[in-house]
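Engineer: Pasting structure.cif here (mmCIF, C-alpha atoms, pLDDT in the B column; chains and numbers go by the auth columns):
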```cif
data_coords
#
loop_
_atom_site.group_PDB
_atom_site.id
_atom_site.type_symbol
_atom_site.label_atom_id
_atom_site.label_comp_id
_atom_site.label_asym_id
_atom_site.label_seq_id
_atom_site.Cartn_x
_atom_site.Cartn_y
_atom_site.Cartn_z
_atom_site.B_iso_or_equiv
_atom_site.auth_seq_id
_atom_site.auth_asym_id
ATOM 1 C CA MET A 1 147.920 96.440 80.368 74.00 1179 A
ATOM 2 C CA LYS A 2 147.995 99.826 82.042 71.00 1180 A
ATOM 3 C CA LEU A 3 145.616 102.496 80.820 79.00 1181 A
ATOM 4 C CA THR A 4 146.594 106.153 81.061 72.00 1182 A
ATOM 5 C CA ILE A 5 143.844 108.568 82.022 72.00 1183 A
ATOM 6 C CA PRO A 6 144.868 112.198 81.475 63.00 1184 A
ATOM 7 C CA ALA A 7 145.015 114.395 84.584 56.00 1185 A
ATOM 8 C CA SER A 8 143.864 111.593 86.888 74.00 1186 A
ATOM 9 C CA ASP A 9 145.251 109.829 89.949 84.00 1187 A
ATOM 10 C CA ILE A 10 143.285 106.648 89.240 91.00 1188 A
ATOM 11 C CA GLU A 11 145.202 103.420 88.692 93.00 1189 A
ATOM 12 C CA ALA A 12 143.686 102.028 85.515 95.00 1190 A
ATOM 13 C CA HIS A 13 144.028 98.755 83.613 96.00 1191 A
ATOM 14 C CA VAL A 14 142.442 97.409 80.445 96.00 1192 A
ATOM 15 C CA PHE A 15 142.150 93.708 79.590 97.00 1193 A
ATOM 16 C CA SER A 16 141.233 91.998 76.325 96.00 1194 A
ATOM 17 C CA TRP A 17 139.034 88.893 76.203 95.00 1195 A
ATOM 18 C CA LEU A 18 139.388 86.691 73.097 92.00 1196 A
ATOM 19 C CA PRO A 19 141.767 89.160 71.409 92.00 1197 A
ATOM 20 C CA ASP A 20 141.915 87.174 68.158 86.00 1198 A
ATOM 21 C CA THR A 21 138.171 87.404 67.594 86.00 1199 A
ATOM 22 C CA LEU A 22 136.237 89.789 69.822 91.00 1200 A
ATOM 23 C CA ASP A 23 138.919 91.856 71.586 95.00 1201 A
ATOM 24 C CA ALA A 24 136.244 92.585 74.192 97.00 1202 A
ATOM 25 C CA ARG A 25 137.508 95.104 76.715 98.00 1203 A
ATOM 26 C CA THR A 26 137.283 94.928 80.505 98.00 1204 A
ATOM 27 C CA TYR A 27 138.265 98.057 82.414 98.00 1205 A
ATOM 28 C CA LEU A 28 139.532 97.953 85.999 97.00 1206 A
ATOM 29 C CA PHE A 29 140.220 100.966 88.213 96.00 1207 A
ATOM 30 C CA ARG A 30 141.543 101.520 91.714 96.00 1208 A
ATOM 31 C CA HIS A 31 141.549 104.709 93.728 93.00 1209 A
ATOM 32 C CA GLY A 32 142.080 104.651 97.464 90.00 1210 A
ATOM 33 C CA ALA A 33 140.113 101.720 98.850 91.00 1211 A
ATOM 34 C CA GLY A 34 137.728 101.689 95.922 94.00 1212 A
ATOM 35 C CA VAL A 35 137.755 99.338 92.937 97.00 1213 A
ATOM 36 C CA LEU A 36 135.613 99.819 89.848 98.00 1214 A
ATOM 37 C CA CYS A 37 135.163 97.287 87.050 98.00 1215 A
ATOM 38 C CA VAL A 38 133.413 97.904 83.740 98.00 1216 A
ATOM 39 C CA ASP A 39 132.235 94.848 81.772 98.00 1217 A
ATOM 40 C CA PRO A 40 133.959 91.994 83.663 98.00 1218 A
ATOM 41 C CA ASN A 41 134.982 89.163 81.351 97.00 1219 A
ATOM 42 C CA ASP A 42 136.451 85.742 82.069 95.00 1220 A
ATOM 43 C CA LEU A 43 140.016 86.916 82.604 95.00 1221 A
ATOM 44 C CA PRO A 44 142.155 85.270 85.322 95.00 1222 A
ATOM 45 C CA GLU A 45 144.563 88.219 85.332 96.00 1223 A
ATOM 46 C CA MET A 46 141.706 90.607 86.099 96.00 1224 A
ATOM 47 C CA VAL A 47 140.449 88.445 88.952 95.00 1225 A
ATOM 48 C CA GLU A 48 144.004 88.079 90.298 95.00 1226 A
ATOM 49 C CA ALA A 49 144.467 91.866 90.310 95.00 1227 A
ATOM 50 C CA VAL A 50 141.280 92.290 92.315 96.00 1228 A
ATOM 51 C CA ARG A 51 142.299 89.488 94.696 94.00 1229 A
ATOM 52 C CA SER A 52 145.686 91.113 95.320 94.00 1230 A
ATOM 53 C CA TRP A 53 144.026 94.433 96.145 93.00 1231 A
ATOM 54 C CA ALA A 54 141.587 92.770 98.583 93.00 1232 A
ATOM 55 C CA PRO A 55 138.886 95.459 98.413 94.00 1233 A
ATOM 56 C CA GLU A 56 135.865 95.345 100.682 93.00 1234 A
ATOM 57 C CA LYS A 57 133.653 95.803 97.639 96.00 1235 A
ATOM 58 C CA VAL A 58 133.983 96.132 93.879 98.00 1236 A
ATOM 59 C CA THR A 59 131.609 98.435 92.035 98.00 1237 A
ATOM 60 C CA VAL A 60 130.729 96.734 88.741 98.00 1238 A
ATOM 61 C CA VAL A 61 129.038 98.487 85.817 98.00 1239 A
ATOM 62 C CA LEU A 62 127.656 96.569 82.847 99.00 1240 A
ATOM 63 C CA THR A 63 127.351 98.510 79.603 98.00 1241 A
ATOM 64 C CA HIS A 64 124.867 95.924 78.318 98.00 1242 A
ATOM 65 C CA GLU A 65 123.720 92.355 78.668 98.00 1243 A
ATOM 66 C CA HIS A 66 125.684 90.385 76.056 98.00 1244 A
ATOM 67 C CA PHE A 67 127.848 87.449 77.171 98.00 1245 A
ATOM 68 C CA ASP A 68 131.082 89.059 75.955 97.00 1246 A
ATOM 69 C CA HIS A 69 130.673 91.807 78.564 98.00 1247 A
ATOM 70 C CA ILE A 70 129.610 89.723 81.572 98.00 1248 A
ATOM 71 C CA SER A 71 131.423 86.377 81.235 97.00 1249 A
ATOM 72 C CA GLY A 72 133.659 87.005 84.268 97.00 1250 A
ATOM 73 C CA LEU A 73 130.986 88.210 86.666 98.00 1251 A
ATOM 74 C CA HIS A 74 130.662 84.864 88.468 97.00 1252 A
ATOM 75 C CA ALA A 75 134.426 84.648 88.989 96.00 1253 A
ATOM 76 C CA LEU A 76 134.543 88.187 90.316 97.00 1254 A
ATOM 77 C CA ARG A 77 131.678 87.557 92.727 97.00 1255 A
ATOM 78 C CA GLY A 78 133.510 84.450 93.906 95.00 1256 A
ATOM 79 C CA GLN A 79 136.516 86.574 94.828 93.00 1257 A
ATOM 80 C CA CYS A 80 134.914 89.506 96.639 94.00 1258 A
ATOM 81 C CA SER A 81 131.722 91.360 97.412 97.00 1259 A
ATOM 82 C CA CYS A 82 130.334 93.139 94.340 98.00 1260 A
ATOM 83 C CA GLU A 83 127.659 95.698 93.639 98.00 1261 A
ATOM 84 C CA VAL A 84 126.603 95.134 90.033 98.00 1262 A
ATOM 85 C CA ILE A 85 124.906 98.132 88.433 98.00 1263 A
ATOM 86 C CA CYS A 86 123.088 98.211 85.104 99.00 1264 A
ATOM 87 C CA THR A 87 119.862 99.262 83.456 98.00 1265 A
ATOM 88 C CA ARG A 88 116.661 97.496 84.413 98.00 1266 A
ATOM 89 C CA ALA A 89 116.424 96.014 80.922 98.00 1267 A
ATOM 90 C CA CYS A 90 119.981 94.686 81.163 98.00 1268 A
ATOM 91 C CA ALA A 91 119.292 93.140 84.576 98.00 1269 A
ATOM 92 C CA ALA A 92 116.356 91.199 83.181 98.00 1270 A
ATOM 93 C CA ALA A 93 118.335 89.998 80.157 98.00 1271 A
ATOM 94 C CA ILE A 94 121.452 88.736 81.970 98.00 1272 A
ATOM 95 C CA GLU A 95 119.275 86.269 83.880 98.00 1273 A
ATOM 96 C CA ASP A 96 118.399 84.456 80.626 98.00 1274 A
ATOM 97 C CA PRO A 97 121.094 82.656 78.544 98.00 1275 A
ATOM 98 C CA ARG A 98 119.063 83.309 75.413 98.00 1276 A
ATOM 99 C CA ARG A 99 118.797 87.041 76.024 98.00 1277 A
ATOM 100 C CA ASN A 100 122.419 87.464 77.118 98.00 1278 A
ATOM 101 C CA LEU A 101 123.306 85.461 73.974 98.00 1279 A
ATOM 102 C CA SER A 102 125.527 82.938 75.775 97.00 1280 A
ATOM 103 C CA GLN A 103 123.127 80.272 74.471 96.00 1281 A
ATOM 104 C CA TYR A 104 124.288 81.180 70.959 95.00 1282 A
ATOM 105 C CA ALA A 105 127.921 82.052 71.693 94.00 1283 A
ATOM 106 C CA ALA A 106 129.404 79.266 69.567 89.00 1284 A
ATOM 107 C CA ALA A 107 127.398 80.263 66.502 89.00 1285 A
ATOM 108 C CA LEU A 108 128.159 83.951 66.963 90.00 1286 A
ATOM 109 C CA LEU A 109 131.882 83.339 67.389 87.00 1287 A
ATOM 110 C CA SER A 110 131.986 81.100 64.320 83.00 1288 A
ATOM 111 C CA GLN A 111 130.698 84.022 62.256 79.00 1289 A
ATOM 112 C CA MET A 112 133.724 86.042 63.405 70.00 1290 A
ATOM 113 C CA ALA A 113 136.241 83.267 62.766 54.00 1291 A
ATOM 114 C CA ARG A 114 139.653 84.421 61.588 51.00 1292 A
ATOM 115 C CA PRO A 115 142.749 82.354 60.727 45.00 1293 A
ATOM 116 C CA ALA A 116 144.377 83.425 63.989 44.00 1294 A
ATOM 117 C CA ALA A 117 145.880 81.532 66.879 39.00 1295 A
ATOM 118 C CA GLY A 118 143.714 81.390 69.962 43.00 1296 A
ATOM 119 C CA ARG A 119 140.393 80.979 68.176 43.00 1297 A
ATOM 120 C CA GLN A 120 140.387 77.187 68.475 46.00 1298 A
ATOM 121 C CA GLY A 121 139.166 75.623 71.689 54.00 1299 A
ATOM 122 C CA VAL A 122 136.968 78.515 72.833 68.00 1300 A
ATOM 123 C CA LEU A 123 133.965 77.027 74.624 81.00 1301 A
ATOM 124 C CA ILE A 124 131.360 79.238 76.246 90.00 1302 A
ATOM 125 C CA GLU A 125 128.592 77.428 78.082 94.00 1303 A
ATOM 126 C CA PRO A 126 125.178 79.087 78.474 97.00 1304 A
ATOM 127 C CA PHE A 127 125.055 80.995 81.756 98.00 1305 A
ATOM 128 C CA SER A 128 123.007 83.502 83.698 98.00 1306 A
ATOM 129 C CA CYS A 129 123.828 86.084 86.344 98.00 1307 A
ATOM 130 C CA PHE A 130 122.161 88.874 88.288 98.00 1308 A
ATOM 131 C CA ALA A 131 122.467 92.564 89.121 98.00 1309 A
ATOM 132 C CA ASP A 132 122.184 94.347 92.475 98.00 1310 A
ATOM 133 C CA THR A 133 121.287 97.919 91.541 98.00 1311 A
ATOM 134 C CA VAL A 134 119.160 98.759 88.513 98.00 1312 A
ATOM 135 C CA PHE A 135 117.891 101.990 87.013 98.00 1313 A
ATOM 136 C CA THR A 136 116.039 103.476 84.093 98.00 1314 A
ATOM 137 C CA GLY A 137 116.956 106.693 82.331 98.00 1315 A
ATOM 138 C CA TYR A 138 119.800 108.155 84.394 98.00 1316 A
ATOM 139 C CA HIS A 139 121.809 107.158 87.447 98.00 1317 A
ATOM 140 C CA GLN A 140 124.629 108.951 89.271 98.00 1318 A
ATOM 141 C CA ILE A 141 127.306 107.369 91.455 96.00 1319 A
ATOM 142 C CA ALA A 142 129.893 108.985 93.713 94.00 1320 A
ATOM 143 C CA TRP A 143 132.883 106.631 93.529 95.00 1321 A
ATOM 144 C CA GLU A 144 135.953 107.570 95.581 94.00 1322 A
ATOM 145 C CA LYS A 145 135.379 111.302 94.967 90.00 1323 A
ATOM 146 C CA HIS A 146 134.849 110.705 91.264 94.00 1324 A
ATOM 147 C CA GLN A 147 131.554 111.351 89.522 96.00 1325 A
ATOM 148 C CA LEU A 148 130.068 108.548 87.458 98.00 1326 A
ATOM 149 C CA GLU A 149 127.040 109.314 85.315 98.00 1327 A
ATOM 150 C CA LEU A 150 125.131 106.459 83.710 98.00 1328 A
ATOM 151 C CA TYR A 151 122.815 107.104 80.762 98.00 1329 A
ATOM 152 C CA GLU A 152 120.408 104.463 79.501 98.00 1330 A
ATOM 153 C CA LEU A 153 121.013 104.288 75.751 98.00 1331 A
ATOM 154 C CA PRO A 154 119.429 101.525 73.649 98.00 1332 A
ATOM 155 C CA GLY A 155 120.441 100.616 70.129 98.00 1333 A
ATOM 156 C CA HIS A 156 123.016 97.855 70.129 98.00 1334 A
ATOM 157 C CA ALA A 157 121.121 96.212 72.998 98.00 1335 A
ATOM 158 C CA ARG A 158 117.893 96.932 74.819 98.00 1336 A
ATOM 159 C CA GLY A 159 119.747 97.240 78.123 98.00 1337 A
ATOM 160 C CA GLY A 160 122.567 99.451 76.897 98.00 1338 A
ATOM 161 C CA LEU A 161 124.165 102.341 78.746 98.00 1339 A
ATOM 162 C CA CYS A 162 127.078 104.722 78.469 98.00 1340 A
ATOM 163 C CA MET A 163 128.952 105.784 81.592 98.00 1341 A
ATOM 164 C CA MET A 164 130.752 109.099 81.855 98.00 1342 A
ATOM 165 C CA MET A 165 133.521 109.639 84.426 96.00 1343 A
ATOM 166 C CA ASP A 166 134.308 113.153 85.626 95.00 1344 A
ATOM 167 C CA HIS A 167 133.173 114.579 82.263 95.00 1345 A
ATOM 168 C CA ALA A 168 136.558 113.455 80.896 94.00 1346 A
ATOM 169 C CA LEU A 169 135.968 109.976 79.508 96.00 1347 A
ATOM 170 C CA ILE A 170 133.059 107.758 78.596 98.00 1348 A
ATOM 171 C CA PHE A 171 132.526 104.012 78.383 98.00 1349 A
ATOM 172 C CA THR A 172 130.349 103.439 75.353 98.00 1350 A
ATOM 173 C CA GLY A 173 130.019 99.657 75.319 98.00 1351 A
ATOM 174 C CA ASP A 174 129.036 98.573 71.825 98.00 1352 A
ATOM 175 C CA ASN A 175 126.987 101.673 71.051 98.00 1353 A
ATOM 176 C CA LEU A 176 130.167 103.330 69.818 98.00 1354 A
ATOM 177 C CA ILE A 177 133.197 101.374 68.607 98.00 1355 A
ATOM 178 C CA PRO A 178 135.604 103.617 66.671 96.00 1356 A
ATOM 179 C CA GLY A 179 135.879 102.570 63.047 95.00 1357 A
ATOM 180 C CA PHE A 180 132.812 100.331 63.073 96.00 1358 A
ATOM 181 C CA PRO A 181 129.094 100.956 62.574 97.00 1359 A
ATOM 182 C CA CYS A 182 126.860 100.165 65.528 98.00 1360 A
ATOM 183 C CA VAL A 183 125.479 96.620 65.262 97.00 1361 A
ATOM 184 C CA THR A 184 121.728 96.759 65.823 98.00 1362 A
ATOM 185 C CA HIS A 185 120.511 93.486 64.289 96.00 1363 A
ATOM 186 C CA LEU A 186 121.086 91.232 67.309 96.00 1364 A
ATOM 187 C CA PRO A 187 118.112 90.328 69.548 95.00 1365 A
ATOM 188 C CA GLY A 188 117.180 93.384 71.606 96.00 1366 A
ATOM 189 C CA GLY A 189 118.917 95.752 69.206 98.00 1367 A
ATOM 190 C CA SER A 190 117.098 98.569 67.457 98.00 1368 A
ATOM 191 C CA LYS A 191 118.358 100.786 64.660 98.00 1369 A
ATOM 192 C CA GLN A 192 115.408 103.095 65.251 98.00 1370 A
ATOM 193 C CA ALA A 193 116.238 103.508 68.949 98.00 1371 A
ATOM 194 C CA TYR A 194 119.908 104.023 68.150 98.00 1372 A
ATOM 195 C CA GLU A 195 119.203 106.779 65.641 98.00 1373 A
ATOM 196 C CA ALA A 196 116.517 108.442 67.750 98.00 1374 A
ATOM 197 C CA VAL A 197 118.125 108.296 71.204 98.00 1375 A
ATOM 198 C CA THR A 198 121.739 107.163 71.282 98.00 1376 A
ATOM 199 C CA LEU A 199 123.281 108.753 68.203 98.00 1377 A
ATOM 200 C CA PRO A 200 122.087 112.278 69.132 98.00 1378 A
ATOM 201 C CA PHE A 201 123.592 111.790 72.616 98.00 1379 A
ATOM 202 C CA LEU A 202 126.937 110.645 71.220 98.00 1380 A
ATOM 203 C CA ARG A 203 127.079 113.642 68.904 98.00 1381 A
ATOM 204 C CA THR A 204 126.932 116.000 71.910 98.00 1382 A
ATOM 205 C CA LEU A 205 130.169 114.626 73.408 98.00 1383 A
ATOM 206 C CA PRO A 206 132.998 117.175 73.397 97.00 1384 A
ATOM 207 C CA PRO A 207 135.930 116.557 71.010 97.00 1385 A
ATOM 208 C CA GLU A 208 138.472 116.120 73.821 95.00 1386 A
ATOM 209 C CA MET A 209 136.493 113.381 75.595 96.00 1387 A
ATOM 210 C CA LEU A 210 138.194 109.966 75.667 96.00 1388 A
ATOM 211 C CA ILE A 211 136.018 107.206 74.216 97.00 1389 A
ATOM 212 C CA LEU A 212 136.552 103.789 75.834 98.00 1390 A
ATOM 213 C CA PRO A 213 134.565 101.264 73.775 98.00 1391 A
ATOM 214 C CA GLY A 214 133.492 97.704 74.445 98.00 1392 A
ATOM 215 C CA HIS A 215 135.903 96.387 71.805 97.00 1393 A
ATOM 216 C CA PHE A 216 139.280 97.558 70.507 97.00 1394 A
ATOM 217 C CA ASP A 217 141.241 100.667 71.469 96.00 1395 A
ATOM 218 C CA GLY A 218 139.857 103.962 72.671 95.00 1396 A
ATOM 219 C CA VAL A 219 140.325 107.346 71.000 96.00 1397 A
ATOM 220 C CA GLU A 220 139.318 110.942 71.554 95.00 1398 A
ATOM 221 C CA ARG A 221 135.894 111.913 70.274 97.00 1399 A
ATOM 222 C CA SER A 222 137.514 114.295 67.761 96.00 1400 A
ATOM 223 C CA HIS A 223 138.813 111.265 65.822 96.00 1401 A
ATOM 224 C CA ILE A 224 135.322 109.822 65.279 95.00 1402 A
ATOM 225 C CA LEU A 225 132.895 110.896 62.578 92.00 1403 A
ATOM 226 C CA LEU A 226 129.274 110.388 63.625 93.00 1404 A
#
```
Go ahead and render the structure in this file as structure tokens.

Structural biologist:
Amino acid sequence: MKLTIPASDIEAHVFSWLPDTLDARTYLFRHGAGVLCVDPNDLPEMVEAVRSWAPEKVTVVLTHEHFDHISGLHALRGQCSCEVICTRACAAAIEDPRRNLSQYAAALLSQMARPAAGRQGVLIEPFSCFADTVFTGYHQIAWEKHQLELYELPGHARGGLCMMMDHALIFTGDNLIPGFPCVTHLPGGSKQAYEAVTLPFLRTLPPEMLILPGHFDGVERSHILL
């Protein structure tokens, strides 16, 4: 579905992967000749949109290493040239099915089981993938005249990041999902790191900033109590 970004000329779309269980969000943007994808999941409609645009390159940002944020990376690479950007810790983890949790996807999904259509028949095989550009701490990208700022922020995952666009919106991955506490008990997670590093950062975000999380709908920062 279309995503409206206030005071922006970017064409934006948001897709939901496994909406009956995870509702994991993939964000896709186009401006001029540039295409940006955040957390590509296994979504044929997302890949078809990219194919129809026929970009020379897609800039891909991974908010962290878990399978429900990278499951469509192979399909996207098969469609076009990609530059995949993430933290150094994330890059190491996505190469290992145990560390990206795809090895345990069936067990994890069974814990989230709901009596909803679409849950049955989900099969996620263990997989690995790779990144092209990695960083630690902070990384800045100029994308089609827009400023992207990437901050390494552990807590939910060792390789986590948040990405700010034009100081107007921020992709928080699973470090901030409105209405839910941050999950820190999965492998690579750390409640101590979240409280010491990530939570103080999130509390500095201005109230008008749009929060685009890794799951479920986004809201303005003013609607979230941290």

Engineer: How would you write, as a list in words, the residues chosen by the PyMOL selection byres ((chain A and resi 1346) around 10) on this structure?

Structural biologist: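 What the PyMOL selection byres ((chain A and resi 1346) around 10) grabs from the file is Ile1183, Pro1184, Ala1185, Ser1186, Met1342, Met1343, Asp1344, His1345, Leu1347, Ile1348, Leu1383, Pro1384, Glu1386, Met1387, Leu1388 and Ile1389 of chain A.
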
Engineer: Report the residues retrieved by the PyMOL selection byres ((chain A and resi 1360-1375) around 10) from the displayed file, expressed as a ChimeraX atom specification.

Structural biologist: /A:1243-1244,1267,1271,1276-1279,1330-1338,1352-1359,1376-1380

Engineer: Interatomic distance between atom CA of A:Leu1214 and atom CA of A:Trp1321?

Structural biologist: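 Atom CA of A:Trp1321 lies 8.2 Å from atom CA of A:Leu1214.
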
Engineer: Can you pull out every residue within 9 Å of A:Leu1200, counting all atoms listed in the file, but drop anything in the same chain fewer than 6 positions away, and send it as a list of chain:residue names?

Structural biologist: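 Within the cut-off, the hits are A:Ser1194, A:Asp1246, A:Leu1287, A:Met1290, A:His1393, A:Phe1394.
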
Engineer: Pick out the closest residue to A:Cys1307 from this set: A:Glu1273, A:Glu1226, A:Glu1327, A:Glu1322. Count all atoms listed in the file.

Structural biologist: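 Ranked by minimum distance to A:Cys1307, first place goes to A:Glu1273.
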
Engineer: Rounded to one decimal, what separation in Å do you get between atom CA of A:Val1262 and atom CA of A:Asp1201?

Structural biologist: 22.4 Å

Engineer: Take the PyMOL selection byres ((chain A and resi 1193) around 10), run it mentally on this structure, and tell me the resulting residues as a PyMOL selection string.

Structural biologist: chain A and resi 1179-1181+1191-1192+1194-1197+1201-1206+1218-1219+1221+1223-1224

Engineer: I want to know what sits within 12 Å of A:Ala1232, based on all atoms listed in the file, with residues of the same chain fewer than 6 positions away left out; could you give that as an NGL selection string?

Structural biologist: :A and (1208 or 1210-1213 or 1225-1226 or 1254 or 1257-1259)

Engineer: What would stretch 1219-1234 of chain A look like with N, CA, C and O atoms in place, written as a CSV table (one decimal), in the frame of the given file?

Structural biologist:
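Output file selection.csv is given in full below:
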```csv
chain,number,residue,atom,x,y,z
A,1219,ASN,N,134.9,90.4,82.1
A,1219,ASN,CA,135.0,89.2,81.4
A,1219,ASN,C,135.8,88.1,82.0
A,1219,ASN,O,136.5,88.4,83.1
A,1220,ASP,N,135.8,86.9,81.5
A,1220,ASP,CA,136.5,85.7,82.1
A,1220,ASP,C,138.0,85.8,81.9
A,1220,ASP,O,138.5,85.2,81.0
A,1221,LEU,N,138.6,86.6,82.7
A,1221,LEU,CA,140.0,86.9,82.6
A,1221,LEU,C,140.7,86.7,83.9
A,1221,LEU,O,140.6,87.4,84.9
A,1222,PRO,N,141.5,85.6,84.1
A,1222,PRO,CA,142.2,85.3,85.3
A,1222,PRO,C,143.0,86.4,85.8
A,1222,PRO,O,143.1,86.6,87.0
A,1223,GLU,N,143.7,87.1,84.9
A,1223,GLU,CA,144.6,88.2,85.3
A,1223,GLU,C,143.8,89.4,86.0
A,1223,GLU,O,144.3,90.1,86.9
A,1224,MET,N,142.6,89.6,85.5
A,1224,MET,CA,141.7,90.6,86.1
A,1224,MET,C,141.3,90.2,87.5
A,1224,MET,O,141.4,91.0,88.5
A,1225,VAL,N,140.9,88.9,87.6
A,1225,VAL,CA,140.4,88.4,89.0
A,1225,VAL,C,141.6,88.4,89.9
A,1225,VAL,O,141.5,88.8,91.1
A,1226,GLU,N,142.8,88.1,89.4
A,1226,GLU,CA,144.0,88.1,90.3
A,1226,GLU,C,144.4,89.5,90.8
A,1226,GLU,O,144.8,89.7,91.9
A,1227,ALA,N,144.2,90.5,89.9
A,1227,ALA,CA,144.5,91.9,90.3
A,1227,ALA,C,143.5,92.3,91.4
A,1227,ALA,O,143.9,92.9,92.4
A,1228,VAL,N,142.3,92.0,91.3
A,1228,VAL,CA,141.3,92.3,92.3
A,1228,VAL,C,141.6,91.5,93.6
A,1228,VAL,O,141.6,92.1,94.7
A,1229,ARG,N,142.0,90.3,93.5
A,1229,ARG,CA,142.3,89.5,94.7
A,1229,ARG,C,143.5,90.1,95.4
A,1229,ARG,O,143.5,90.2,96.7
A,1230,SER,N,144.5,90.5,94.7
A,1230,SER,CA,145.7,91.1,95.3
A,1230,SER,C,145.4,92.4,96.0
A,1230,SER,O,146.0,92.8,97.0
A,1231,TRP,N,144.4,93.2,95.5
A,1231,TRP,CA,144.0,94.4,96.1
A,1231,TRP,C,143.2,94.2,97.4
A,1231,TRP,O,143.1,95.1,98.2
A,1232,ALA,N,142.4,93.1,97.4
A,1232,ALA,CA,141.6,92.8,98.6
A,1232,ALA,C,140.6,93.9,99.0
A,1232,ALA,O,140.6,94.3,100.1
A,1233,PRO,N,139.8,94.4,98.0
A,1233,PRO,CA,138.9,95.5,98.4
A,1233,PRO,C,137.7,94.9,99.2
A,1233,PRO,O,137.4,93.7,99.1
A,1234,GLU,N,137.1,95.8,100.0
A,1234,GLU,CA,135.9,95.3,100.7
A,1234,GLU,C,134.7,95.1,99.7
A,1234,GLU,O,133.9,94.3,99.9
```
